[in-house]
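A.B. asks: Okay, so here is target-v5.txt, and as you'll see once you scroll down, it has compact mmCIF, C-alpha atoms.
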# COMPACT_ATOMS: atom_id res chain seq x y z
CA MET A 39 11.25 -11.81 -2.38
CA SER A 40 7.98 -10.31 -3.54
CA VAL A 41 6.64 -11.12 -6.96
CA LEU A 42 4.03 -9.38 -9.06
CA SER A 43 0.68 -10.99 -8.25
CA VAL A 44 -1.36 -9.30 -11.00
CA PRO A 45 0.00 -10.13 -14.46
CA VAL A 46 0.46 -7.30 -16.93
CA GLY A 47 -2.41 -7.14 -19.38
CA ASN A 48 -4.52 -4.92 -21.57
CA GLN A 49 -5.95 -3.15 -18.51
CA ASP A 50 -2.53 -1.60 -17.89
CA HIS A 51 -0.82 1.54 -19.17
CA ILE A 52 2.00 0.14 -21.30
CA GLN A 53 4.87 1.73 -23.21
CA GLY A 54 6.70 -0.77 -25.36
CA ARG A 55 6.17 -4.39 -26.29
CA LEU A 56 4.93 -6.86 -23.71
CA ASP A 57 7.23 -9.45 -25.27
CA ALA A 58 10.30 -7.28 -24.58
CA PRO A 59 13.11 -9.03 -22.68
CA VAL A 60 12.49 -6.71 -19.71
CA VAL A 61 9.08 -5.65 -18.41
CA LEU A 62 9.25 -3.01 -15.69
CA VAL A 63 6.10 -2.44 -13.64
CA GLU A 64 6.03 0.68 -11.47
CA TYR A 65 3.54 1.43 -8.71
CA ALA A 66 3.68 5.16 -8.12
CA ASP A 67 2.07 8.28 -6.69
CA TYR A 68 2.15 11.48 -8.77
CA GLN A 69 2.95 13.66 -5.75
CA CYS A 70 5.69 11.46 -4.27
CA PRO A 71 9.12 13.10 -4.71
CA TYR A 72 10.82 9.70 -4.93
CA CYS A 73 8.42 8.76 -7.74
CA GLU A 74 9.49 11.88 -9.61
CA GLU A 75 13.09 10.68 -9.32
CA ALA A 76 12.02 7.25 -10.57
CA PHE A 77 10.11 8.91 -13.45
CA SER A 78 13.28 10.70 -14.59
CA LEU A 79 15.36 7.54 -14.26
CA ILE A 80 12.84 5.40 -16.15
CA LYS A 81 12.78 7.95 -18.99
CA ARG A 82 16.59 7.66 -19.25
CA LEU A 83 16.37 3.85 -19.12
CA GLN A 84 13.80 3.84 -21.92
CA GLN A 85 16.18 5.88 -24.06
CA ARG A 86 19.11 3.58 -23.22
CA PHE A 87 17.34 0.23 -23.62
CA GLY A 88 14.83 1.09 -26.36
CA ASP A 89 12.58 -1.75 -27.42
CA THR A 90 14.22 -4.23 -25.04
CA LEU A 91 12.36 -2.47 -22.18
CA CYS A 92 8.61 -2.36 -21.68
CA VAL A 93 7.32 0.05 -19.02
CA VAL A 94 4.01 -0.41 -17.21
CA PHE A 95 2.54 2.20 -14.87
CA ARG A 96 0.12 1.40 -12.08
CA ASN A 97 -1.48 3.87 -9.69
CA PHE A 98 -0.66 3.70 -6.01
CA PRO A 99 -1.73 7.07 -4.59
CA LEU A 100 -0.98 7.81 -0.94
CA PRO A 101 -3.59 10.54 -0.26
CA ARG A 102 -2.84 10.85 3.45
CA SER A 103 0.70 11.97 2.67
CA HIS A 104 0.02 13.48 -0.74
CA PRO A 105 -3.38 15.21 -1.03
CA GLN A 106 -3.00 15.78 -4.79
CA ALA A 107 -2.06 12.17 -5.55
CA LEU A 108 -5.62 10.98 -6.13
CA PRO A 109 -6.81 13.98 -8.19
CA ALA A 110 -3.65 13.67 -10.29
CA ALA A 111 -4.31 9.95 -10.82
CA ILE A 112 -7.91 10.68 -11.83
CA THR A 113 -6.60 13.31 -14.26
CA ALA A 114 -4.27 10.74 -15.84
CA GLU A 115 -7.02 8.13 -16.02
CA TYR A 116 -9.42 10.63 -17.58
CA ALA A 117 -6.75 11.45 -20.18
CA ALA A 118 -6.34 7.69 -20.74
CA THR A 119 -9.97 7.39 -21.82
CA HIS A 120 -9.03 9.79 -24.63
CA GLY A 121 -5.83 7.97 -25.58
CA GLN A 122 -3.66 10.53 -23.80
CA PHE A 123 -2.43 8.66 -20.72
CA TRP A 124 1.32 8.90 -21.31
CA PRO A 125 1.37 12.62 -22.20
CA ALA A 126 -0.71 13.31 -19.06
CA HIS A 127 1.47 11.01 -16.92
CA ASP A 128 4.65 12.77 -18.05
CA ALA A 129 3.18 16.26 -17.61
CA LEU A 130 1.92 15.46 -14.11
CA PHE A 131 5.34 14.32 -12.97
CA ARG A 132 7.01 17.33 -14.58
CA SER A 133 4.51 19.62 -12.78
CA GLN A 134 4.71 17.77 -9.48
CA GLN A 135 5.50 20.85 -7.38
CA GLN A 136 2.40 22.67 -8.66
CA LEU A 137 -0.17 19.86 -8.74
CA GLY A 138 -3.69 21.15 -8.31
CA GLU A 139 -6.79 22.20 -10.20
CA VAL A 140 -5.03 24.91 -12.21
CA VAL A 141 -2.42 22.41 -13.49
CA TYR A 142 -5.11 19.84 -14.33
CA ARG A 143 -7.18 22.38 -16.30
CA GLU A 144 -4.09 23.63 -18.13
CA LEU A 145 -3.14 20.04 -18.97
CA MET A 146 -6.60 19.40 -20.42
CA ARG A 147 -6.20 22.45 -22.68
CA GLU A 148 -2.73 21.29 -23.77
CA LEU A 149 -4.08 17.82 -24.60
CA GLY A 150 -7.19 19.20 -26.31
CA LEU A 151 -9.51 17.48 -23.83
CA PRO A 152 -12.72 18.95 -22.39
CA GLU A 153 -12.16 20.51 -18.97
CA GLU A 154 -15.78 19.92 -17.98
CA GLY A 155 -15.24 16.20 -18.60
CA LEU A 156 -12.38 16.22 -16.12
CA ALA A 157 -14.55 17.98 -13.54
CA LYS A 158 -17.13 15.19 -13.92
CA ALA A 159 -14.41 12.53 -13.78
CA MET A 160 -13.32 13.77 -10.34
CA ASP A 161 -16.70 12.56 -9.00
CA ASP A 162 -17.11 9.52 -11.28
CA PRO A 163 -16.65 6.22 -9.40
CA VAL A 164 -15.37 4.52 -12.56
CA TYR A 165 -12.05 6.38 -12.32
CA LEU A 166 -11.69 5.76 -8.60
CA GLN A 167 -12.40 2.04 -9.11
CA ARG A 168 -9.70 1.87 -11.79
CA ILE A 169 -7.17 3.45 -9.44
CA GLN A 170 -8.25 1.25 -6.54
CA ARG A 171 -7.84 -1.85 -8.72
CA ASP A 172 -4.22 -0.87 -9.37
CA ALA A 173 -3.59 -0.20 -5.68
CA GLU A 174 -5.22 -3.47 -4.57
CA GLY A 175 -3.01 -5.37 -7.01
CA GLY A 176 -0.06 -3.54 -5.50
CA PHE A 177 -1.03 -4.57 -1.97
CA ARG A 178 -1.35 -8.19 -3.11
CA SER A 179 2.14 -7.93 -4.61
CA GLY A 180 3.64 -6.60 -1.38
CA VAL A 181 3.72 -2.90 -2.28
CA THR A 182 3.82 -0.76 0.84
CA GLY A 183 5.16 2.52 -0.49
CA THR A 184 6.14 4.40 -3.62
CA PRO A 185 7.80 3.99 -5.92
CA THR A 186 7.78 0.20 -6.00
CA ILE A 187 9.25 -1.36 -9.12
CA PHE A 188 9.08 -4.90 -10.42
CA VAL A 189 11.45 -6.15 -13.11
CA ASN A 190 10.22 -9.24 -14.91
CA GLU A 191 7.72 -9.79 -12.09
CA ARG A 192 10.31 -9.64 -9.27
CA ILE A 193 10.46 -6.73 -6.89
CA PHE A 194 13.45 -4.43 -7.29
CA THR A 195 14.89 -3.44 -3.93
CA PRO A 196 17.81 -1.04 -4.24
CA ASN A 197 20.65 -1.25 -1.74
CA GLU A 198 21.57 2.40 -1.99
CA SER A 199 19.91 4.14 -4.93
CA LEU A 200 17.37 3.76 -7.71
CA GLU A 201 20.29 4.05 -10.15
CA GLU A 202 20.96 0.36 -9.41
CA LEU A 203 17.95 -0.34 -11.62
CA TYR A 204 20.22 0.15 -14.64
CA ASP A 205 22.34 -2.91 -13.74
CA VAL A 206 19.26 -5.00 -12.98
CA ILE A 207 17.77 -4.19 -16.39
CA LEU A 208 21.12 -4.72 -18.09
CA ALA A 209 21.37 -8.20 -16.58
CA ALA A 210 17.73 -9.06 -17.29
CA SER A 211 18.00 -7.93 -20.91
CA GLY A 212 21.05 -10.09 -21.54
CA GLN A 213 23.02 -7.08 -22.77
CA GLY A 214 26.64 -6.52 -21.81
CA ARG A 215 27.97 -3.11 -20.82
Written as structure tokens, that's how I'd like the structure from this file.

C.D. replies:
Amino acid sequence: MSVLSVPVGNQDHIQGRLDAPVVLVEYADYQCPYCEEAFSLIKRLQQRFGDTLCVVFRNFPLPRSHPQALPAAITAEYAATHGQFWPAHDALFRSQQQLGEVVYRELMRELGLPEEGLAKAMDDPVYLQRIQRDAEGGFRSGVTGTPTIFVNERIFTPNESLEELYDVILAASGQGR
């Protein structure tokens, strides 16, 4: 069984309390259709489990399969430098079928961020290094595809569907049905 090799820390994108009973770490690609399914499921789980669930997002773009994965990740990381990671993250997944420059520019306008800053970010190695750091941590943790989810540092491997994540979180949180 794979375990998370890079501990969650202040370098991560975190929703919730790190001392929550359940810490879910997701490695994902913004253009991956399975990641969009996981995004929707995780949103429902956050509503269900509230402050007993902490969600951490890490980039794992697969640009050979998904040519917009890296630009989308850079867009999210640029938004993060302005304190807008989670709104950008959510919008990118909700716009997955249309990912591209038009969506990124529109998102910048919606978030009140400078579009010219995003254009510079696309060529700025700082953003690429941030994304590569996430991906390298994923490789060290045994991530080979997306989405890959860890619950309390142990890899979650569904037998049939991502919906099984609910029962895993329920058990890890110590809550009964």

A.B. asks: With a distance cut-off of 12 Å and only C-alpha atoms, select the neighbouring residues of Ser78 of chain A, excluding the residue or stretch itself and same-chain residues fewer than 2 positions from it, and output the selection as number ranges by chain.

C.D. replies: A: 71-76, 80-85, 128-129, 131-132, 200-201

A.B. asks: May I ask for the distance between atom CA of Gln135 of chain A and atom CA of Gly121 of chain A, given in Å to one decimal place?

C.D. replies: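 Pair atom CA of Gln135 of chain A / atom CA of Gly121 of chain A returns 25.0 Å.
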
A.B. asks: Which residues are close to Gly176 of chain A, i.e. within 10 Å by all atoms listed in the file, leaving aside same-chain residues fewer than 4 positions away? Reply as a PyMOL selection string.

C.D. replies: chain A and resi 42-44+64-66+96-98+170-172+180-183+186

A.B. asks: Contacts of Arg168 of chain A at 12 Å or less, counting only C-alpha atoms, minus same-chain residues fewer than 4 places along, as a PDB file with C-alpha atoms, keeping the file's coordinate frame?

C.D. replies:
ATOM      1  CA  GLN A  49      -5.950  -3.150 -18.510  1.00  0.00           C
ATOM      2  CA  ASP A  50      -2.530  -1.600 -17.890  1.00  0.00           C
ATOM      3  CA  HIS A  51      -0.820   1.540 -19.170  1.00  0.00           C
ATOM      4  CA  ARG A  96       0.120   1.400 -12.080  1.00  0.00           C
ATOM      5  CA  ASN A  97      -1.480   3.870  -9.690  1.00  0.00           C
ATOM      6  CA  PHE A  98      -0.660   3.700  -6.010  1.00  0.00           C
ATOM      7  CA  PRO A  99      -1.730   7.070  -4.590  1.00  0.00           C
ATOM      8  CA  LEU A 108      -5.620  10.980  -6.130  1.00  0.00           C
ATOM      9  CA  ALA A 111      -4.310   9.950 -10.820  1.00  0.00           C
ATOM     10  CA  ILE A 112      -7.910  10.680 -11.830  1.00  0.00           C
ATOM     11  CA  ALA A 114      -4.270  10.740 -15.840  1.00  0.00           C
ATOM     12  CA  GLU A 115      -7.020   8.130 -16.020  1.00  0.00           C
ATOM     13  CA  TYR A 116      -9.420  10.630 -17.580  1.00  0.00           C
ATOM     14  CA  ALA A 118      -6.340   7.690 -20.740  1.00  0.00           C
ATOM     15  CA  THR A 119      -9.970   7.390 -21.820  1.00  0.00           C
ATOM     16  CA  ALA A 159     -14.410  12.530 -13.780  1.00  0.00           C
ATOM     17  CA  ASP A 162     -17.110   9.520 -11.280  1.00  0.00           C
ATOM     18  CA  PRO A 163     -16.650   6.220  -9.400  1.00  0.00           C
ATOM     19  CA  VAL A 164     -15.370   4.520 -12.560  1.00  0.00           C
ATOM     20  CA  ASP A 172      -4.220  -0.870  -9.370  1.00  0.00           C
ATOM     21  CA  ALA A 173      -3.590  -0.200  -5.680  1.00  0.00           C
ATOM     22  CA  GLU A 174      -5.220  -3.470  -4.570  1.00  0.00           C
ATOM     23  CA  GLY A 175      -3.010  -5.370  -7.010  1.00  0.00           C
TER      24      GLY A 175
END

A.B. asks: Looking at A:Cys70, A:Leu166, A:Val141, A:Val206, which one is nearest to Pro105 of chain A, with distances taken over all atoms listed in the file?

C.D. replies: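 Ranked by minimum distance to Pro105 of chain A, first place goes to A:Cys70.
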
A.B. asks: Set the distance at 8 Å and use only C-alpha atoms: which residues neighbour Asn190 of chain A once local chain neighbours fewer than 2 positions away are removed? I'd like the list as a ChimeraX atom specification.

C.D. replies: /A:60-62,188,192,210

A.B. asks: When you draw a straight line from atom CA of Glu153 of chain A to atom CA of Val94 of chain A, how long is it in Å?

C.D. replies: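 One can read the atom CA of Glu153 of chain A to atom CA of Val94 of chain A distance as 26.5 Å.
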
A.B. asks: Kindly give the distance, in Å, that separates atom CA of Asp89 of chain A and atom CA of Ala117 of chain A, rounded to a single decimal.

C.D. replies: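 Going from atom CA of Asp89 of chain A over to atom CA of Ala117 of chain A covers 24.5 Å.
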
A.B. asks: Which residues, written as a count of residues only, have at least one atom at most 12 Å from Ala157 of chain A, with only C-alpha atoms counted and residues fewer than 5 positions away on the same chain left out?

C.D. replies: 13

A.B. asks: A:Trp124, A:Ala110, A:Ser40, A:Leu100: which is nearest Gln53 of chain A, counting all atoms listed in the file?

C.D. replies: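 Ranked by minimum distance to Gln53 of chain A, first place goes to A:Trp124.
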
A.B. asks: Taking every listed atom of segment 60-78 of chain A and adding 5 Å to each side, what centre and edge lengths in Å (one decimal) does the axis-aligned box have, as AutoDock Vina command-line options?

C.D. replies:
--center_x 7.7 --center_y 3.5 --center_z -12.0 --size_x 21.2 --size_y 30.4 --size_z 25.4

A.B. asks: Out of A:Ile52, A:Leu149, A:Met160, A:Leu130, which residue has the shortest atom-to-atom distance to Phe77 of chain A when counting all atoms listed in the file?

C.D. replies: A:Leu130

A.B. asks: With distances taken over only C-alpha atoms, which of A:Val93, A:Tyr68, A:Lys158, A:Gly88 is nearest to Val46 of chain A?

C.D. replies: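 Closest residue, counting only C-alpha atoms: A:Val93.
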
A.B. asks: Counting all atoms listed in the file, figure out which residue out of A:Glu144, A:Phe194, A:Gln69, A:Asp57 gets nearest to Ile207 of chain A.

C.D. replies: A:Phe194

A.B. asks: What would segment 150-175 of chain A look like with N, CA, C and O atoms in place, written as a compact mmCIF listing (two decimals), in the coordinates of the input?

C.D. replies:
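Result file is rebuild.txt:
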# COMPACT_ATOMS: atom_id res chain seq x y z
N GLY A 150 -5.99 19.04 -25.49
CA GLY A 150 -7.19 19.20 -26.31
C GLY A 150 -8.37 18.41 -25.77
O GLY A 150 -9.23 17.97 -26.54
N LEU A 151 -8.43 18.24 -24.46
CA LEU A 151 -9.51 17.48 -23.83
C LEU A 151 -10.46 18.42 -23.11
O LEU A 151 -10.04 19.46 -22.59
N PRO A 152 -11.74 18.06 -23.02
CA PRO A 152 -12.72 18.95 -22.39
C PRO A 152 -12.52 19.04 -20.87
O PRO A 152 -12.51 18.03 -20.17
N GLU A 153 -12.36 20.28 -20.40
CA GLU A 153 -12.16 20.51 -18.97
C GLU A 153 -13.38 20.09 -18.15
O GLU A 153 -13.23 19.58 -17.05
N GLU A 154 -14.57 20.29 -18.72
CA GLU A 154 -15.78 19.92 -17.98
C GLU A 154 -15.86 18.40 -17.80
O GLU A 154 -16.38 17.91 -16.80
N GLY A 155 -15.30 17.66 -18.74
CA GLY A 155 -15.24 16.20 -18.60
C GLY A 155 -14.36 15.79 -17.44
O GLY A 155 -14.67 14.85 -16.71
N LEU A 156 -13.26 16.51 -17.25
CA LEU A 156 -12.38 16.22 -16.12
C LEU A 156 -13.08 16.53 -14.80
O LEU A 156 -12.98 15.75 -13.85
N ALA A 157 -13.81 17.63 -14.76
CA ALA A 157 -14.55 17.98 -13.54
C ALA A 157 -15.53 16.86 -13.17
O ALA A 157 -15.64 16.47 -12.00
N LYS A 158 -16.21 16.31 -14.17
CA LYS A 158 -17.13 15.19 -13.92
C LYS A 158 -16.37 13.94 -13.51
O LYS A 158 -16.82 13.17 -12.66
N ALA A 159 -15.20 13.72 -14.10
CA ALA A 159 -14.41 12.53 -13.78
C ALA A 159 -13.98 12.51 -12.32
O ALA A 159 -13.87 11.44 -11.71
N MET A 160 -13.75 13.69 -11.74
CA MET A 160 -13.32 13.77 -10.34
C MET A 160 -14.36 13.15 -9.40
O MET A 160 -14.01 12.68 -8.32
N ASP A 161 -15.63 13.13 -9.83
CA ASP A 161 -16.70 12.56 -9.00
C ASP A 161 -17.23 11.24 -9.56
O ASP A 161 -18.20 10.70 -9.02
N ASP A 162 -16.63 10.74 -10.63
CA ASP A 162 -17.11 9.52 -11.28
C ASP A 162 -16.45 8.30 -10.65
O ASP A 162 -15.22 8.17 -10.68
N PRO A 163 -17.24 7.39 -10.07
CA PRO A 163 -16.65 6.22 -9.40
C PRO A 163 -15.86 5.30 -10.33
O PRO A 163 -15.02 4.54 -9.87
N VAL A 164 -16.09 5.38 -11.62
CA VAL A 164 -15.37 4.52 -12.56
C VAL A 164 -13.86 4.78 -12.47
O VAL A 164 -13.05 3.85 -12.46
N TYR A 165 -13.47 6.04 -12.37
CA TYR A 165 -12.05 6.38 -12.32
C TYR A 165 -11.44 5.94 -10.98
O TYR A 165 -10.34 5.40 -10.94
N LEU A 166 -12.17 6.17 -9.92
CA LEU A 166 -11.69 5.76 -8.60
C LEU A 166 -11.54 4.24 -8.54
O LEU A 166 -10.55 3.72 -8.00
N GLN A 167 -12.49 3.51 -9.10
CA GLN A 167 -12.40 2.04 -9.11
C GLN A 167 -11.18 1.57 -9.89
O GLN A 167 -10.50 0.62 -9.48
N ARG A 168 -10.87 2.23 -10.99
CA ARG A 168 -9.70 1.87 -11.79
C ARG A 168 -8.42 2.04 -10.97
O ARG A 168 -7.53 1.19 -10.96
N ILE A 169 -8.34 3.16 -10.26
CA ILE A 169 -7.17 3.45 -9.44
C ILE A 169 -7.09 2.47 -8.27
O ILE A 169 -6.02 1.95 -7.95
N GLN A 170 -8.22 2.20 -7.65
CA GLN A 170 -8.25 1.25 -6.54
C GLN A 170 -7.85 -0.15 -6.99
O GLN A 170 -7.18 -0.88 -6.25
N ARG A 171 -8.23 -0.54 -8.20
CA ARG A 171 -7.84 -1.85 -8.72
C ARG A 171 -6.32 -1.95 -8.81
O ARG A 171 -5.72 -2.96 -8.44
N ASP A 172 -5.68 -0.89 -9.31
CA ASP A 172 -4.22 -0.87 -9.37
C ASP A 172 -3.64 -1.01 -7.96
O ASP A 172 -2.75 -1.83 -7.73
N ALA A 173 -4.14 -0.20 -7.04
CA ALA A 173 -3.59 -0.20 -5.68
C ALA A 173 -3.80 -1.56 -5.00
O ALA A 173 -2.89 -2.06 -4.33
N GLU A 174 -4.96 -2.15 -5.18
CA GLU A 174 -5.22 -3.47 -4.57
C GLU A 174 -4.26 -4.52 -5.12
O GLU A 174 -3.76 -5.37 -4.38
N GLY A 175 -3.99 -4.46 -6.42
CA GLY A 175 -3.01 -5.37 -7.01
C GLY A 175 -1.63 -5.13 -6.41
O GLY A 175 -0.86 -6.07 -6.20
